[in-house]
Amino acid sequence: MKTGTAPADSAGSDEALVELARDGNSRAFRMLVQRHLSSVFGLGTRWSGSTRVGEQVSRSVFNEAYESYLDTVDSVPSNDLALAGRGAFSSHLYRATAAALLKVGAQSFHDIEPSDRPSGQLQEALSAIDDHFRMIVLLRDMCGLTLRDLAEVLGLTSGAVRSRLSRARVALSREVSVRASLTDVL
């Protein structure tokens with residue numbers, strides 16, 4: 001990738017930075033990474049409870065973004081970006097992050113070193129619910145995605161998102177209640 005010159009407007013839209021990165025401007029790609037790294041890393045870390053997993057997922061997501069999104073100009077027409085605006089690249093990152101985390105799945109979440117696990121009843125409750133429930137709760141309640149964004153990221157209808165989010169919150173509430181009851185007994 002060529003280094004090129006920096007975009008004139010460092011606060012440019014994702015669409016403009018993607019186009020510059022596709023043209024070989026490595027600084028534009030670095031700006032995209034800097035703009036979105038904390039969100040991807042934060043989601044990975046919150047979902048898994050491990051900074052190590054958050055780092056691995058972040059590397060994987062940005063490598064995949066470069067290889068499949070930026071490096072394949074013909075597979076993602078630029079007019080797709082024009083239609084979706086800033087959301088196109090960030091939605092791609094959220095989908096890639098969700099997919100990477102679902103691959104990591106319960107194995108890494110439950111098998112991480114105990115010293116790396118955050119403590120608390122909420123974290124324990126999150127670890128106990130289904131992966132798909134955990135993902136939708138984290139994306140909505142901790143990352144602030146709208147229902148529309150969730151539908152796009154997860155590839156669901158808005159009705160399915162509302163239903164899954166409701167069921168996820170019920171499951172999480174049950175798990176928190178169980179842990180609170182156990183704490184009261186002990």
# chains A, B, ... in the order shown; residues from 1 in each chain; ligands from 1

call {"tool": "residues_around", "arguments": {"residues": "Arg35 (chain A)", "least_positions_apart": "3", "cutoff": "12 Å", "atoms": "only C-alpha atoms", "output": "MDAnalysis selection string"}}
result
chainID A and resid 10:14 17 28:32 38:41 62 86 89:90 93

call {"tool": "residues_around", "arguments": {"residues": "Phe133 (chain A)", "least_positions_apart": "3", "cutoff": "10 Å", "atoms": "only C-alpha atoms", "output": "list in words"}}
result
Leu126, Ile129, Asp130, Ile136, Val137, Leu138, Arg164, Leu165, Ser166, Arg167, Ala168, Arg169, Val170, Ala171 and Leu172 of chain A

call {"tool": "atom_distance", "arguments": {"atom1": "CA of Ala21 (chain A)", "atom2": "CA of Leu150 (chain A)"}}
result
26.5 Å

call {"tool": "residues_around", "arguments": {"residues": "Thr146 (chain A)", "least_positions_apart": "2", "cutoff": "12 Å", "atoms": "only C-alpha atoms", "output": "ChimeraX atom specification"}}
result
/A:87,91,136-144,148-154,158,161-162,165

call {"tool": "closest_residue", "arguments": {"among": "A:Met135, A:Ala160, A:Ala125, A:Leu147", "to": "Glu175 (chain A)", "atoms": "only C-alpha atoms"}}
result
A:Ala125
